[in-house]
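J.: Mind having a look at this structure? Questions to follow.
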Amino acid sequence: MGSLFKSPKAPAPINVAAVGQQQAAENTRTAQQQAAYNRPNQTDAFGNTVNWSQNGTDANGNPVFQVNQQLGAKGQRMAGGLGGLADRYFGQAGESTGIDRALGMYDQTMDPRNERMRAAAESRLRNQGFDPSSEAFRSQMGDVALQQNEARNNFATGAWGQAINERGQQMRELSPGVQFGMGTVSPNMVNAPGVNVGTVDYIGLNKANYDGQMNQYSQQMQQRNAMLGGLAGIGGAMLGAPLGGGASVGGSLFSRMFGK
């Protein structure tokens, strides 16, 4: 009978600090799992690789990762070849060695001829009675020099255009190989779908457990109070029950206990 009057034990309150630590640890574990699942090492068809590795931790102890990207053997060969092409065709932009060589050959060929033309023009003007110190003489000789310079400039322009066309033709011929080479030195990795790892809600689980215990505690208290109330009612009725001679149970017990 003693257990009927024993009050139910209330549930212990949630340990907020402990639950918070559990939740923080779970969040960290989930983040690490997501990092591991979403950083796959890869190797493409040309042997180029992308590898992930942990190289330490940050100030809060969280892991720090680095990604290592390397060219395969074919990509390395192509990179070397493309570097050579760059040095040959792009790194020499504006170089005039070929044009200078062509102009040198032009001058070797044309200078003697031009000199003869200038001498012939000067002789003709003298024979025509022009004074070498006169403006008309100098103007006529200037026209000869201008014509010779224009001829040289036209040759240089033509040589430069020819060199540009030849270089463009070489680049067009090399273009397919260059495009293939660019593909080999640009890793073509798979766009792997992301993996989402759900976090365990320790705070919610602890609260739900505590709420369940409180509901059970409240029900037990209600049942206890109802039982005690019922027993009190039964006891009162019994004490007021009549006995023979006009007395009651309660009155009889009172008389026996106090001698009246």
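Each chain of the structure tokens is named A, B, ... in the order shown, its residues numbered from 1; ligands are numbered from 1 in display order.
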Applying 7 Å and only C-alpha atoms, which residues near region 59-75 of chain A remain after dropping the ones on its own chain fewer than 4 positions away? List them as number ranges by chain.
T.: A: 46-55, 79, 184-185
J.: Write out the residues from the selection above, keeping C-alpha atoms, as an mmCIF file, in the first residue's frame.
T.:
data_model
loop_
_atom_site.group_PDB
_atom_site.id
_atom_site.type_symbol
_atom_site.label_atom_id
_atom_site.label_comp_id
_atom_site.auth_asym_id
_atom_site.auth_seq_id
_atom_site.Cartn_x
_atom_site.Cartn_y
_atom_site.Cartn_z
ATOM 1 C CA PHE A 46 44.860 11.315 -71.013
ATOM 2 C CA GLY A 47 46.212 10.314 -67.608
ATOM 3 C CA ASN A 48 45.687 13.738 -66.021
ATOM 4 C CA THR A 49 44.832 13.410 -62.340
ATOM 5 C CA VAL A 50 43.088 15.393 -59.609
ATOM 6 C CA ASN A 51 43.747 14.175 -56.055
ATOM 7 C CA TRP A 52 42.551 15.505 -52.703
ATOM 8 C CA SER A 53 44.506 15.220 -49.487
ATOM 9 C CA GLN A 54 44.341 16.643 -45.969
ATOM 10 C CA ASN A 55 47.343 18.807 -45.177
ATOM 11 C CA ALA A 79 52.691 21.040 -72.876
ATOM 12 C CA THR A 184 45.353 17.034 -73.303
ATOM 13 C CA VAL A 185 46.692 19.764 -71.014
#
J.: Quick one: residues within 12 Å of Gln219 (chain A), only C-alpha atoms, excluding same-chain residues fewer than 4 positions away - as a short mmCIF file (atom, residue, chain, number, x, y, z; two decimals) with C-alpha atoms, in the first residue's frame?
T.:
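Once everything was written out, this is out23.cif:
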data_model
loop_
_atom_site.label_atom_id
_atom_site.label_comp_id
_atom_site.auth_asym_id
_atom_site.auth_seq_id
_atom_site.Cartn_x
_atom_site.Cartn_y
_atom_site.Cartn_z
CA SER A 7 4.90 10.60 -5.66
CA PRO A 8 6.24 9.86 -9.23
CA LYS A 9 9.77 11.06 -9.88
CA ALA A 10 10.03 14.06 -12.24
CA GLY A 212 7.79 12.35 -23.53
CA GLN A 213 9.03 11.83 -20.00
CA MET A 214 7.21 15.00 -18.84
CA ASN A 215 3.97 13.80 -20.43
CA GLN A 223 -3.61 9.23 -11.87
CA ARG A 224 -2.13 9.51 -8.35
CA ASN A 225 -4.18 12.57 -7.50
CA ALA A 226 -7.33 10.92 -8.82
#
J.: Could you name the residues that touch region 143-155 of chain A at 9 Å or less, counting only C-alpha atoms, but leaving out those on the same chain fewer than 4 positions away, as a PyMOL selection string?
T.: chain A and resi 102-103+106-107+110+114+117-118+121+138-139+159-160
J.: Atoms to include: N, CA and C atoms. Write the selected residues as an mmCIF file, in the first residue's frame.
T.:
data_model
loop_
_atom_site.group_PDB
_atom_site.id
_atom_site.type_symbol
_atom_site.label_atom_id
_atom_site.label_comp_id
_atom_site.auth_asym_id
_atom_site.auth_seq_id
_atom_site.Cartn_x
_atom_site.Cartn_y
_atom_site.Cartn_z
ATOM 1 N N ALA A 102 65.785 40.122 -95.735
ATOM 2 C CA ALA A 102 65.306 40.361 -97.101
ATOM 3 C C ALA A 102 65.690 41.757 -97.589
ATOM 4 N N LEU A 103 65.583 42.754 -96.698
ATOM 5 C CA LEU A 103 65.972 44.111 -97.092
ATOM 6 C C LEU A 103 67.469 44.215 -97.345
ATOM 7 N N TYR A 106 67.982 42.940 -100.711
ATOM 8 C CA TYR A 106 67.479 43.932 -101.682
ATOM 9 C C TYR A 106 68.494 45.041 -101.879
ATOM 10 N N ASP A 107 69.017 45.538 -100.736
ATOM 11 C CA ASP A 107 69.983 46.631 -100.839
ATOM 12 C C ASP A 107 71.244 46.192 -101.582
ATOM 13 N N MET A 110 70.089 46.207 -105.239
ATOM 14 C CA MET A 110 69.580 47.435 -105.827
ATOM 15 C C MET A 110 70.489 48.639 -105.619
ATOM 16 N N ASN A 114 70.762 51.558 -108.198
ATOM 17 C CA ASN A 114 70.259 52.884 -107.859
ATOM 18 C C ASN A 114 71.343 53.944 -108.000
ATOM 19 N N MET A 117 71.604 54.805 -111.530
ATOM 20 C CA MET A 117 70.463 55.619 -111.940
ATOM 21 C C MET A 117 70.643 57.059 -111.483
ATOM 22 N N ARG A 118 71.153 57.251 -110.248
ATOM 23 C CA ARG A 118 71.383 58.613 -109.783
ATOM 24 C C ARG A 118 72.475 59.314 -110.612
ATOM 25 N N ALA A 121 71.009 60.224 -113.966
ATOM 26 C CA ALA A 121 70.111 61.376 -113.868
ATOM 27 C C ALA A 121 70.899 62.664 -113.705
ATOM 28 N N ARG A 138 68.221 70.190 -107.730
ATOM 29 C CA ARG A 138 67.996 69.429 -106.500
ATOM 30 C C ARG A 138 66.614 68.775 -106.497
ATOM 31 N N SER A 139 65.642 69.438 -107.079
ATOM 32 C CA SER A 139 64.286 68.869 -107.118
ATOM 33 C C SER A 139 64.244 67.623 -107.988
ATOM 34 N N ALA A 159 57.343 41.981 -98.568
ATOM 35 C CA ALA A 159 58.045 40.929 -97.830
ATOM 36 C C ALA A 159 57.384 40.680 -96.479
ATOM 37 N N TRP A 160 56.974 41.756 -95.818
ATOM 38 C CA TRP A 160 56.302 41.601 -94.519
ATOM 39 C C TRP A 160 54.962 40.876 -94.674
#
J.: Could you tell me how far CA of Gln108 (chain A) sits from CA of Gly158 (chain A), in Å to one decimal place?
T.: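 Between these atoms lies a distance of 17.7 Å.
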J.: Which is closest to Val19 (chain A) among A:Leu125, A:Ala119, A:Ile203, A:Ala208, if we use only C-alpha atoms?
T.: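 Checking each candidate against Val19 (chain A), we get A:Ile203 as the closest.
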J.: Could you tell me how far CA of Val200 (chain A) lies from CA of Asn27 (chain A), in Å and to one decimal?
T.: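 Taking CA of Val200 (chain A) as the start and CA of Asn27 (chain A) as the end point, the length is 7.9 Å.
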J.: Between CA of Met78 (chain A) and CA of Arg39 (chain A), measure the distance and give it in Å to one decimal.
T.: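 CA of Arg39 (chain A) lies at a distance of 27.4 Å from CA of Met78 (chain A).
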